[in-house]
Each structure stands twice: as C-alpha cells, then as structure tokens.
Amino acid sequence: MSGDHTHNDSQIESGSRVNDAHRHKDKHKDREHRHKDHKKDKEREKSKYSNSEHKDSLERKHRDKEKVKQKDGMDRHKEKRKEEKMRSFDGKPKKEKENGFASPPRVKSEPDNDGFYHSPKHERSLKRERDDDDSEFTPKKIKVENDKKAKKRKVEDEEDIKPKKKTKDKRGGMADGKKKSQEGAGGEVEMEERSTDGSKWRFLEHKGPVFAPPYDPLPNKVKFYLDGKPFKLSAKAEEVATFFAKMLDHEYTTKDIFRKNFFKDWRREMTSEEKGKITDLNKCDFNELSEYFKAQSEARKQMSKEEKLKIKGENERLLQEYGFCVMDNHKERIANFRIEPPGLFRGRGDHPKMGMLKRRIRPEDIIINCSKDSKHPKPPPGTRWKEVRHDNKVTWLVSWTENIQGSIKYIMLNPSSRIKGEKDWQKYETARRLKKCVGRIRAQYRDDWKSKEMRIRQRSVALYFIDKLALRAGNEKEEGETADTVGCCSLRVEHIKLSPEKDGQEFVVEFDFLGKDSIRYYNKVPVEKRVFKNLQLFMENKQPEDDLFDRLNTSILNKHLQELMDGLTAKVFRTYNASITLQQQLKELTTPEENIPAKILSYNRANRAVAILCNHQRAPPKTFEKSMQNLQTKIDAKKDQLFDAKRELKSAKADAKVRRDEKSKKAVEAKKKALQRIEEQLMKLEVQATDREENKQIALGTSKLNYLDPRISVAWCKKWGIPVEKIYNKTQREKFAWAIDMAEDDYEF
DNA sequence: TCCGCCACTTAGCACATTGTCA
DNA sequence: TGACAATGTGCTAAGTGGCGGA
C-alpha cells in the first residue's frame with residue numbers, strides 16, 4: 001500500500017487528543033464572547049429594531065435590543081469577511097507578501113425474499129428466474145470516467161498499482177467467472193444501473209405518515225403556578241408549557257438563550273390576557289407539571305406485562321400499516337414514518353435557536369410523493385395534503401418544512417432498502433477508486449505547496465489536512481442561524497496554533513475547534529515544513545477571527561477534486577482513510593492463534609483507531625464511573641483469589657516435596673491449573689477494563705455504520721471464522737446484507 | 001459565477017429492550 | 001427474580017454536495 005498515509009500509532013494512539021468537549025465548550029464560549037465583544041466594539045452603529053414582540057416589558061426590550069445590536073454587528077463582520085473573500089476571488093490583487101508571492105488575481109425483494117437489499121451477485125441469480133420482458137432491470141455498466149484526460153489518468157493509475165499478483169485478482173477477491181462479471185478489466189466493480197435518466201423508481205406506493213397524537217390536556221389537579229399562585233392556562237399555552245416542564249431537569253432550561261427563545265415563542269401561543277399576566281419566566285413554576293410527567297413515565301415502567309404487550313401490539317400494527325411501502329416490486333421498510341411531534345428545539349452546542357417552539361405538523365404541511373398509478377395515501381378525515389406529487393427523481397415519500405430553520409424534512413426508506421444499499425455500495429466503490437489514484441493526488445498536492453498562486457497553496461494545504469486528519473470539508477454557514485462550528489475550509493486563524501518546536505517535535509500545528517454537532521476537535525500534529533511555512537503565510541496580517549483559507553471554499557475544492565478523479569469530493573477521503581485504516585489495523589492486530597474474544601477485541605481496537613481518526617466522540621455514559629468501579633471491585637477480588645491460589649500452590653509444592661507421592665503431585669498440578677485459570681480470568685477482566693476505559697468517550701457505531709466498507713469486516717470474519725453476528729447486530733446485518741452476500745475471505749478494499 | 005435550495009448522509013443522544021449476574 | 005449494565009433502536013440535528021436560476 002505504497003503511498004497510503006498510515007494513520008499509525010502516532011495519530012491513532014495520540015494522547016494529545018483530549019476528549020473534553022464540555023470543558024472546552026466553556027472555553028469556547030469565553031473565546032466567542034471575546035470575539036463578539038471585539039466585533040461589537042468595531043460596529044458601534046445603531047441598529048434598527050423592528051421586533052413585533054417589543055411591546056413586552058422594557059427590560060426585555062432592552063435586552064433584545066442589545067442582542068439585535070450584537071447580531072447586526074456579527075452580520076456586518078461576516079459580510080466584511082465575505083467581501084474580503086470575494087475581493088480576492090474577483091481578482092483585485094492583495095498586498096504583496098514578504099516572501100515575494102504576490103497574491104494572484106483571483107433487488108428486487110421477491111415475495112419470498114428476506115426483504116433486504118443484497119448485492120447484484122445475489123440479485124442477478126434472481127433475475128435469471130424473472131420474466132425476460134423485465135428489460136428495465138437489465139444491469140448496465142456505468143461509465144466511470146469518460147473524458148480522455150481521465151482515461152489517460154486511469155491508465156497511469158493502473159500502472160501505478162501494477163506490481164500485483166497476477167495469479168489471483170485480489171481486489172475484491174473476484175477471481176472466478178461469476179464474480180468477475182461484477183468487475184471490469186480494471187478490477188472495478190461495475191454499478192448496476194437502474195435508469196439512465198436519473199429516475200430512482202418507477203412505482204411507489206405508501207400509506208403516508210403517522211401524525212403525532214393530539215395534545216392531551218393536563219388533569220385539573222396538576223397546576224401551573226405564576227408568582228406562587230395557581231394559574232389556569234389556555235390549552236395552547238398549556239401544551240407549550242408542558243414541553244418546557246418535560247425538560248425541566250435538563251441543563252438546557254437553565255440557559256439564557258433557551259429560556260429567552262422559549263418565552264418568546266410561548267407568549268405567541270398565549271391569549272392576550274395571559275400575555276398581560278405572564279411577563280417573566282422566572283415567576284413561572286412548572287414543577288408540578290414536571291413531577292406529573294415523571295410519575296407518568298414511572299407508571300409506564302411499572303405497567304403490567306399485559307399492558308406492555310398491548311402497547312407493543314399497537315406499535316406493531318402501526319408499523320405494519322405505515323412502516324412499509326412498495327417501491328417498484330419491492331416491499332421496503334420505511335425509516336421514519338412518524339412525523340416529528342411538536343416540542344422545543346434542542347440545538348447542539350451553543351445554538352442560537354435553542355428553546356424555540358417546534359410547531360405541530362398538520363396534513364396541510366405535508367407533501368406526498370408517490371407514483372401516479374399508485375393508491376394515494378389518504379389525509380386524515382376533514383384535512384388535505386399540501387400537495388401530492390409524482391417525482392421519481394427523488395427517493396423521499398413525504399416531506400414538510402420545519403419552522404425553526406426553514407429546512408425540509410423527509411420520510412425516506414430504511415438503510416436495508418435496495419435504494420440505500422446501492423448508494424452505500426457505490427460510496428465504497430468510489431473510495432476504492434480513490435485508493436488507486438491517491439498516490440498521484442498526494443504527489444500533486446505536495447507539489448502545489450510550492451505553487452506561486454496563493455489559492456493553489458491554500459487548496460493543497462487544506463487537502464492535505466482533509467487527507468491526513470480526515471477533517472470534514474467545512475461548508476460555509478450562516479452566522480447567527482446555527483452554532484459556531486467549522487470544518488477544514490472554514491477554519492479560522494484562531495483555530496490553529498503553530499509551534500516550530502513542541503514536545504520534542506518540529507513544526508507542530510495545534511488544532512482546537514468545534515466541528516459538527518459542536519464536538520471539539522483537539523489535535524497536535526507535526527506537519528511537513530512546507531505546510532508549516534504555508535500556514536504561517538496564510539496567517540500573516542490576519543485577525544484571529546479571519547478565515548485561514550481565505551481563497552478557498554468547499555465548492556472550489558470539490559471542483560478541483562472532481563478534475564482529479566470522477567466522483568471525488570472531500571467526503572470521499574474520509575471514507576477512504578477510514579476503510580483503509582480498518583483494513584491495515586486488522587492486518588496488524590489480528591493474531592492467528594488468538595481465540596475469538598481476543599480477535600474481537602482486536603477488531604474493536606481497529607474500529608476504535610478509525611473512530612479516533614474521524615473524531616467520533618460521545619458523552620461518557622452516565623453510569624460509567626459506577627460500572628468502572630464495579631469492574632475494579634471484581635478485579636480486586638480476583639487479585640485476592642490469585643494471591644490465595646499462589647499461596648496454596650506454594651504449600652502444595654512443599655507438601656509434595658515432603659510426601660513425594662502421586663496424590664500430592666496431582667494436587668500440585670490441580671493447584672497449578674487453578675492458578676492459571678484465575679490468571680486468565682484476571683487478564684480478561686483487565687482487558688475488559690482497558691477496553692471500556694479506552695471507549696469511554698469514543699463512539700464506535702458512527703464509523704462502523706458510515707465509513708467502514710462492510711466487506712472488509714465480513715471478509716475478516718470469514719477469514720478467521722468469526723461469526724458475523726459478533727461484529728454486526730441484526731439491524732446492521734440488514735443494512736449490510738449486500739456486503740455479507742458479496743465479500744469473500746480474501747476481499748481487499 | 002454565485003447563491004440558495006434541495007436531497008441526501010452523517011451524527012450523537014435519549015430511551016427501550018435485552019442480557020447478565022448475584 | 002430483580003437489579004443493573006450493555007446493547008439496540010428511534011429520533012432528529014447537522015453536516016455535504018449537486019443543481020438551477022439570477
């Protein structure tokens with residue numbers, strides 16, 4: 001695997017990565033405040049305030065004004081940044097740099113099938129049994145690269161990887177004729193194409209969504225208190241109050257932004273009388289409501305077996321009725337057939353919209369997508385759909401627009417469906433194509449570090465980070481609409497620190513920023529000298545809040561990547577590096593003579609290496625400390641047992657020395673065995689403790705589900721005789737049915 | 001060319017269910 | 001058998017990237 005980055009121990013086991021999102025959030029908050037204050041100072045202009053809610057108390061009015069002022073400042077600053085970026089794109093030369101670089105101008109699931117999407121290998125066999133007139137299902141080859149340049153590159157790439165065994169085509173393990181039918185001469189798996197016009201289906205029938213149950217008013221005995229006195233709320237206001245009450249134990253409800261947003265939206269649901277009386281959230285007491293819901297939840301837990309079964313049965317009925325659709329000739333499971341219930345918006349991190357009211361979705365908000373010739377879903381009596389359309393260029397069945405960000409929500413198919421399975425397979429095939437040309441791409445971006453053009457240098461350094469550190473692309477975001485998070489292209493100067501020498505290493509870059517879901521990315525990485533010098537150059541004459549890559553965005557980067565390889569985007573690097581890391585780690589960590597549990601531990605370690613690379617974190621489980629403590633108690637007890645066993649062995653040996661008979665010899669042997677067993681048990685417990693500790697803040701599931709080519713895992717299982725159920729649970733096996741079906745023990749990513 | 005919209009994938013958390021052990 | 005831990009599932013927020021129109 002020459003040319004591959006080895007995401008080796010220095011990165012994977014790097015102790016410098018701190019999983020301390022919470023502490024960091026506070027730090028970031030401080031930084032953000034400083035940042036905003038700075039902007040506020042810059043922008044002293046008065047903002048025009050036009051908020052309909054400003055008839056509220058003077059105090060709130062003032063606070064809101066301050067907020068608007070601040071936001072206005074932020075927007076202006078953002079605009080300034082944007083303008084600067086644009087200017088550089090527009091081609092007006094920037095000031096010449098000291099180094100002399102002037103910035104340049106600028107499956108069918110047959111009725112008897114199990115219902116999951118299997119690989120075409122499987123499907124093809126079914127196809128033969130099908131009617132010949134089912135011509136639209138004829139597998140076609142997708143042209144992977146079509147321009148001359150790409151073809152030439154392809155030849156070069158194939159030459160790059162030529163020194164390969166000729167006896168058996170290892171890639172994909174497709175050596176026999178049957179399997180070869182899936183691969184082209186270049187060793188690529190060809191996609192089965194279902195249409196040439198971009199249509200995703202020909203027939204789609206479903207029953208529409210399941211709506212959230214209507215609001216069930218509180219019993220009279222459960223009271224809301226205003227200023228210490230019981231206060232009867234109108235139904236609408238009461239419903240929104242219950243949303244808040246249900247979250248009362250959560251940290252969210254103590255946050256100023258949450259409370260402010262909630263109160264503002266709550267007031268909108270109040271009658272004018274209520275509006276007049278309820279003017280301060282601090283005077284509202286939701287405790288009785290909260291207790292009531294807790295008691296309800298407790299009662300649900302205490303329900304009899306029969307009652308629980310009844311609920312289960314009802315859920316099953318709903319699933320059977322609404323949880324499936326017919327797409328072409330497949331009965332497919334729908335992923336989320338229930339409409340999101342109303343509630344309070346919980347953004348992640350410091351989300352400016354947290355606490356806002358997520359309104360109830362009605363049939364009139366719903367767009368139904370199905371085929372013309374299908375039985376259309378019926379709206380609930382007395383209502384109508386917003387629209388019924390027949391768009392087979394998309395895969396969703398139902399959509400609506402949510403009121404917080406104005407984004408569209410969809411009901412789509414389950415990951416086990418044909419349509420999702422094919423897409424998933426395609427994703428990994430693209431990543432495998434990258435494997436073939438990654439050497440050339442790396443050579444090119446290294447070369448580009450020396451480019452005379454700033455935009456190319458920035459592009460190449462960003463690409464280096466995306467490749468080496470598996471950073472996300474980093475699309476631009478609208479400020480004030482979401483939490484302040486970044487990816488590679490949107491990194492700001494304040495997110496990195498450069499040290500010519502740190503902890504005995506040269507040219508160290510210290511990354512510290514909040515990524516997707518406001519998860520902290522902290523990493524200290526030694527980089528190549530040229531990268532380091534380039535970063536210094538990019539940071540020259542910039543403020544902390546300025547973009548590090550001011551001549552770059554994701555669209556420019558992806559356009560460039562598209563030229564390097566058909567279908568290549570920043571995201572593909574993450575998939576590629578994750579999968580290749582898993583494969584390498586499995587090779588390194590698996591020892592043939594180990595037993596199954598030890599091999600599984602090795603698998604988890606390989607998986608963990610990927611999760612660390614991709615920065616997949618989780619909050620430590622609430623019971624973590626306790627469960628660790630319990631495990632430690634067990635370990636201590638085992639140690640005591642070991643001590644005793646050693647002592648017993650010693651005395652048995654002494655006894656045997658004196659007696660010199662068979663019986664005492666046997667006793668020694670028995671004691672030895674017992675000691676050995678205890679030692680093994682202790683080791684197992686200690687391994688378990690290590691495993692758990694290492695996993696404390698690392699989420700393995702995300703990479704397993706989204707980044708690791710499942711064929712690698714399936715092949716590993718087959719090679720070492722590990723039951724695939726040990727690696728994938730039922731749902732995961734359904735999702736990866738295509739891979740389980742396809743991969744042999746010699747599959748190579 | 002750029003921006004915003006749209007469709008889709010990726011993400012972590014909360015809660016439910018299942019497994020394990022005393 | 002019940003308590004507790006581990007695992008599985010559902011939910012929905014938050015990303016990525018393509019496309020079309022101004």
# chains A, B, ... in the order shown; residues from 1 in each chain; ligands from 1
>>> residues_around(residues="B:DT10", least_positions_apart="6", cutoff="12 Å", atoms="only C-alpha atoms (C1' of nucleotides)", output="number ranges by chain")
A: 472, 516-517, 571, 574-575, 614, 616, 701-707; C: 12-16
>>> write_last_selection(atoms="N, CA and C atoms (P, O5', C5', C4', C3', O3' and C1' of nucleotides)", output="PDB file, in the first residue's frame")
ATOM      1  N   ARG A 472     -13.575  17.213   8.000  1.00  0.00           N
ATOM      2  CA  ARG A 472     -14.710  17.418   7.095  1.00  0.00           C
ATOM      3  C   ARG A 472     -14.433  18.615   6.207  1.00  0.00           C
ATOM      4  N   LYS A 516     -18.640  19.372  13.608  1.00  0.00           N
ATOM      5  CA  LYS A 516     -20.052  19.000  13.522  1.00  0.00           C
ATOM      6  C   LYS A 516     -20.600  18.614  14.897  1.00  0.00           C
ATOM      7  N   ASP A 517     -21.833  19.037  15.147  1.00  0.00           N
ATOM      8  CA  ASP A 517     -22.501  18.780  16.424  1.00  0.00           C
ATOM      9  C   ASP A 517     -21.776  19.420  17.610  1.00  0.00           C
ATOM     10  N   LYS A 571     -15.454  14.455   1.034  1.00  0.00           N
ATOM     11  CA  LYS A 571     -16.031  13.400   1.854  1.00  0.00           C
ATOM     12  C   LYS A 571     -15.428  12.025   1.550  1.00  0.00           C
ATOM     13  N   ARG A 574     -12.528  10.855   3.649  1.00  0.00           N
ATOM     14  CA  ARG A 574     -12.868  10.333   4.981  1.00  0.00           C
ATOM     15  C   ARG A 574     -13.233   8.856   4.881  1.00  0.00           C
ATOM     16  N   THR A 575     -14.056   8.540   3.893  1.00  0.00           N
ATOM     17  CA  THR A 575     -14.455   7.141   3.711  1.00  0.00           C
ATOM     18  C   THR A 575     -13.229   6.291   3.397  1.00  0.00           C
ATOM     19  N   CYS A 614     -11.552   9.774  12.919  1.00  0.00           N
ATOM     20  CA  CYS A 614     -12.697  10.573  12.473  1.00  0.00           C
ATOM     21  C   CYS A 614     -13.274  11.451  13.586  1.00  0.00           C
ATOM     22  N   HIS A 616     -14.927  10.644  16.351  1.00  0.00           N
ATOM     23  CA  HIS A 616     -16.286  10.286  16.753  1.00  0.00           C
ATOM     24  C   HIS A 616     -16.327  10.140  18.259  1.00  0.00           C
ATOM     25  N   GLY A 701     -19.901   3.242  16.818  1.00  0.00           N
ATOM     26  CA  GLY A 701     -21.009   2.991  15.889  1.00  0.00           C
ATOM     27  C   GLY A 701     -20.990   3.841  14.631  1.00  0.00           C
ATOM     28  N   THR A 702     -20.643   5.110  14.789  1.00  0.00           N
ATOM     29  CA  THR A 702     -20.726   6.016  13.653  1.00  0.00           C
ATOM     30  C   THR A 702     -19.819   5.577  12.505  1.00  0.00           C
ATOM     31  N   SER A 703     -18.587   5.220  12.844  1.00  0.00           N
ATOM     32  CA  SER A 703     -17.687   4.804  11.767  1.00  0.00           C
ATOM     33  C   SER A 703     -18.119   3.451  11.209  1.00  0.00           C
ATOM     34  N   LYS A 704     -18.562   2.578  12.080  1.00  0.00           N
ATOM     35  CA  LYS A 704     -18.995   1.256  11.633  1.00  0.00           C
ATOM     36  C   LYS A 704     -20.136   1.373  10.622  1.00  0.00           C
ATOM     37  N   LEU A 705     -21.059   2.284  10.909  1.00  0.00           N
ATOM     38  CA  LEU A 705     -22.234   2.421  10.052  1.00  0.00           C
ATOM     39  C   LEU A 705     -22.001   3.256   8.812  1.00  0.00           C
ATOM     40  N   ASN A 706     -21.082   4.187   8.885  1.00  0.00           N
ATOM     41  CA  ASN A 706     -20.993   5.159   7.796  1.00  0.00           C
ATOM     42  C   ASN A 706     -19.678   5.220   7.038  1.00  0.00           C
ATOM     43  N   TYR A 707     -18.602   4.697   7.616  1.00  0.00           N
ATOM     44  CA  TYR A 707     -17.307   4.901   6.976  1.00  0.00           C
ATOM     45  C   TYR A 707     -16.536   3.627   6.637  1.00  0.00           C
TER      46      TYR A 707
ATOM     47  P    DT C  12     -38.405  13.344  16.594  1.00  0.00           P
ATOM     48  O5'  DT C  12     -37.148  14.186  16.106  1.00  0.00           O
ATOM     49  C5'  DT C  12     -36.283  14.765  17.086  1.00  0.00           C
ATOM     50  C4'  DT C  12     -35.005  15.211  16.397  1.00  0.00           C
ATOM     51  C3'  DT C  12     -35.248  16.080  15.154  1.00  0.00           C
ATOM     52  O3'  DT C  12     -34.265  17.083  15.157  1.00  0.00           O
ATOM     53  C1'  DT C  12     -33.799  14.382  14.645  1.00  0.00           C
ATOM     54  P    DA C  13     -34.626  18.606  15.154  1.00  0.00           P
ATOM     55  O5'  DA C  13     -33.186  19.204  15.423  1.00  0.00           O
ATOM     56  C5'  DA C  13     -32.427  18.767  16.557  1.00  0.00           C
ATOM     57  C4'  DA C  13     -30.965  18.710  16.176  1.00  0.00           C
ATOM     58  C3'  DA C  13     -30.465  19.869  15.325  1.00  0.00           C
ATOM     59  O3'  DA C  13     -29.227  20.255  15.893  1.00  0.00           O
ATOM     60  C1'  DA C  13     -29.999  17.814  14.230  1.00  0.00           C
ATOM     61  P    DA C  14     -28.381  21.425  15.321  1.00  0.00           P
ATOM     62  O5'  DA C  14     -27.431  20.679  14.303  1.00  0.00           O
ATOM     63  C5'  DA C  14     -26.391  19.855  14.784  1.00  0.00           C
ATOM     64  C4'  DA C  14     -25.545  19.463  13.603  1.00  0.00           C
ATOM     65  C3'  DA C  14     -25.167  20.629  12.696  1.00  0.00           C
ATOM     66  O3'  DA C  14     -23.857  20.375  12.256  1.00  0.00           O
ATOM     67  C1'  DA C  14     -26.240  19.000  11.424  1.00  0.00           C
ATOM     68  P    DG C  15     -22.772  21.475  12.099  1.00  0.00           P
ATOM     69  O5'  DG C  15     -21.784  20.772  11.080  1.00  0.00           O
ATOM     70  C5'  DG C  15     -21.995  20.858   9.696  1.00  0.00           C
ATOM     71  C4'  DG C  15     -21.878  19.494   9.080  1.00  0.00           C
ATOM     72  C3'  DG C  15     -21.579  19.575   7.607  1.00  0.00           C
ATOM     73  O3'  DG C  15     -20.198  19.423   7.398  1.00  0.00           O
ATOM     74  C1'  DG C  15     -23.444  18.137   8.010  1.00  0.00           C
ATOM     75  P    DT C  16     -19.528  19.945   6.133  1.00  0.00           P
ATOM     76  O5'  DT C  16     -20.063  18.954   5.000  1.00  0.00           O
ATOM     77  C5'  DT C  16     -19.716  17.583   5.017  1.00  0.00           C
ATOM     78  C4'  DT C  16     -20.233  16.931   3.744  1.00  0.00           C
ATOM     79  C3'  DT C  16     -19.731  17.615   2.472  1.00  0.00           C
ATOM     80  O3'  DT C  16     -19.249  16.607   1.603  1.00  0.00           O
ATOM     81  C1'  DT C  16     -22.106  17.530   2.490  1.00  0.00           C
TER      82       DT C  16
END
>>> select_by_dssp(residues="stretch 396-444 of chain A", states="helix (DSSP H, G or I)", output="list in words")
Arg418, Ile419, Lys420, Gly421, Glu422, Lys423, Asp424, Trp425, Gln426, Lys427, Tyr428, Glu429, Thr430, Ala431, Arg432, Arg433, Leu434, Lys435, Lys436, Cys437, Val438, Gly439, Arg440, Ile441, Arg442, Ala443 and Gln444 of chain A
>>> residues_around(residues="C:DA3", least_positions_apart="4", cutoff="12 Å", atoms="only C-alpha atoms (C1' of nucleotides)", output="list in words")
DT20, DC21 and DA22 of chain B
>>> write_last_selection(atoms="N, CA and C atoms (P, O5', C5', C4', C3', O3' and C1' of nucleotides)", output="PDB file, in the first residue's frame")
ATOM      1  P    DT B  20     -25.557 -12.498  27.958  1.00  0.00           P
ATOM      2  O5'  DT B  20     -25.377 -11.991  29.461  1.00  0.00           O
ATOM      3  C5'  DT B  20     -24.641 -10.788  29.712  1.00  0.00           C
ATOM      4  C4'  DT B  20     -24.460 -10.626  31.204  1.00  0.00           C
ATOM      5  C3'  DT B  20     -24.099 -11.907  31.947  1.00  0.00           C
ATOM      6  O3'  DT B  20     -23.079 -11.579  32.877  1.00  0.00           O
ATOM      7  C1'  DT B  20     -26.014 -10.942  32.917  1.00  0.00           C
ATOM      8  P    DC B  21     -22.139 -12.686  33.464  1.00  0.00           P
ATOM      9  O5'  DC B  21     -22.199 -12.322  35.012  1.00  0.00           O
ATOM     10  C5'  DC B  21     -22.354 -10.952  35.436  1.00  0.00           C
ATOM     11  C4'  DC B  21     -23.055 -10.937  36.763  1.00  0.00           C
ATOM     12  C3'  DC B  21     -22.746 -12.138  37.664  1.00  0.00           C
ATOM     13  O3'  DC B  21     -22.311 -11.659  38.925  1.00  0.00           O
ATOM     14  C1'  DC B  21     -25.092 -11.780  37.495  1.00  0.00           C
ATOM     15  P    DA B  22     -21.640 -12.610  39.968  1.00  0.00           P
ATOM     16  O5'  DA B  22     -22.429 -12.227  41.295  1.00  0.00           O
ATOM     17  C5'  DA B  22     -22.755 -10.863  41.553  1.00  0.00           C
ATOM     18  C4'  DA B  22     -23.936 -10.809  42.493  1.00  0.00           C
ATOM     19  C3'  DA B  22     -23.842 -11.752  43.683  1.00  0.00           C
ATOM     20  O3'  DA B  22     -24.296 -11.068  44.850  1.00  0.00           O
ATOM     21  C1'  DA B  22     -25.799 -12.229  42.434  1.00  0.00           C
TER      22       DA B  22
END
>>> closest_atom_pairs(of="chain A", to="chain C", cutoff="9 Å", atoms="only C-alpha atoms (C1' of nucleotides)", output="Markdown table")
| residue | atom | partner | partner_atom | distance |
| --- | --- | --- | --- | --- |
| A:Asn336 | CA | C:DG10 | C1' | 8.3 |
| A:Glu340 | CA | C:DT12 | C1' | 8.0 |
| A:Arg346 | CA | C:DA13 | C1' | 8.2 |
| A:Gly347 | CA | C:DA13 | C1' | 6.7 |
| A:Arg348 | CA | C:DA13 | C1' | 7.3 |
| A:Arg472 | CA | C:DT16 | C1' | 8.7 |
| A:Ala473 | CA | C:DT16 | C1' | 7.7 |
| A:Gly474 | CA | C:DT16 | C1' | 8.6 |
| A:Asn475 | CA | C:DT16 | C1' | 7.7 |
| A:Lys516 | CA | C:DG15 | C1' | 6.5 |
| A:Asp517 | CA | C:DA14 | C1' | 6.2 |
| A:Thr554 | CA | C:DG17 | C1' | 8.9 |
| A:Ser555 | CA | C:DG17 | C1' | 8.3 |
| A:Asn558 | CA | C:DG17 | C1' | 8.5 |
| A:Thr569 | CA | C:DG17 | C1' | 8.2 |
| A:Ala570 | CA | C:DT16 | C1' | 8.8 |
| A:Lys571 | CA | C:DT16 | C1' | 7.4 |
| A:Thr623 | CA | C:DA5 | C1' | 8.5 |
| A:Ser627 | CA | C:DA5 | C1' | 7.5 |
| A:Asn729 | CA | C:DG8 | C1' | 8.3 |
| A:Thr731 | CA | C:DG8 | C1' | 8.6 |
>>> atom_distance(atom1="atom CA of A:Asp285", atom2="atom CA of A:Asp227")
7.7 Å
>>> select_by_dssp(residues="stretch 273-474 of chain A", states="strand (DSSP E or B)", output="number ranges by chain")
A: 284-285, 324-327, 330-334, 338, 343-344, 357-358, 367-369, 387-389, 398-401, 408-411, 413
>>> write_last_selection(atoms="C-alpha atoms", output="PDB file, in the first residue's frame")
ATOM      1  CA  CYS A 284     -43.344  30.654  36.375  1.00  0.00           C
ATOM      2  CA  ASP A 285     -43.324  27.398  38.297  1.00  0.00           C
ATOM      3  CA  PHE A 324     -43.656  -0.274   4.640  1.00  0.00           C
ATOM      4  CA  CYS A 325     -44.028   0.880   1.097  1.00  0.00           C
ATOM      5  CA  VAL A 326     -43.868  -0.706  -2.303  1.00  0.00           C
ATOM      6  CA  MET A 327     -41.086   0.618  -4.480  1.00  0.00           C
ATOM      7  CA  HIS A 330     -40.026  -4.433  -3.560  1.00  0.00           C
ATOM      8  CA  LYS A 331     -41.794  -4.202  -0.259  1.00  0.00           C
ATOM      9  CA  GLU A 332     -39.451  -1.861   1.572  1.00  0.00           C
ATOM     10  CA  ARG A 333     -39.212  -0.778   5.180  1.00  0.00           C
ATOM     11  CA  ILE A 334     -39.617   2.948   5.772  1.00  0.00           C
ATOM     12  CA  ARG A 338     -43.799   9.128  12.168  1.00  0.00           C
ATOM     13  CA  GLY A 343     -41.730  20.391  21.202  1.00  0.00           C
ATOM     14  CA  LEU A 344     -38.886  22.712  21.976  1.00  0.00           C
ATOM     15  CA  LEU A 357     -41.106  26.138  19.591  1.00  0.00           C
ATOM     16  CA  LYS A 358     -41.169  23.382  17.027  1.00  0.00           C
ATOM     17  CA  ILE A 367     -46.159  16.919   0.565  1.00  0.00           C
ATOM     18  CA  ILE A 368     -46.773  13.352  -0.516  1.00  0.00           C
ATOM     19  CA  ASN A 369     -44.580  11.766  -3.164  1.00  0.00           C
ATOM     20  CA  GLU A 387     -49.573  18.644  -2.297  1.00  0.00           C
ATOM     21  CA  VAL A 388     -49.377  15.246  -3.906  1.00  0.00           C
ATOM     22  CA  ARG A 389     -46.569  14.947  -6.403  1.00  0.00           C
ATOM     23  CA  VAL A 398     -43.149  12.513   2.427  1.00  0.00           C
ATOM     24  CA  SER A 399     -41.725  15.942   3.138  1.00  0.00           C
ATOM     25  CA  TRP A 400     -42.532  19.060   5.128  1.00  0.00           C
ATOM     26  CA  THR A 401     -40.801  22.279   6.019  1.00  0.00           C
ATOM     27  CA  ILE A 408     -37.113  20.461   4.595  1.00  0.00           C
ATOM     28  CA  LYS A 409     -37.631  17.213   6.459  1.00  0.00           C
ATOM     29  CA  TYR A 410     -38.201  13.911   4.736  1.00  0.00           C
ATOM     30  CA  ILE A 411     -39.563  10.475   5.249  1.00  0.00           C
ATOM     31  CA  LEU A 413     -36.535   4.362   3.244  1.00  0.00           C
TER      32      LEU A 413
END
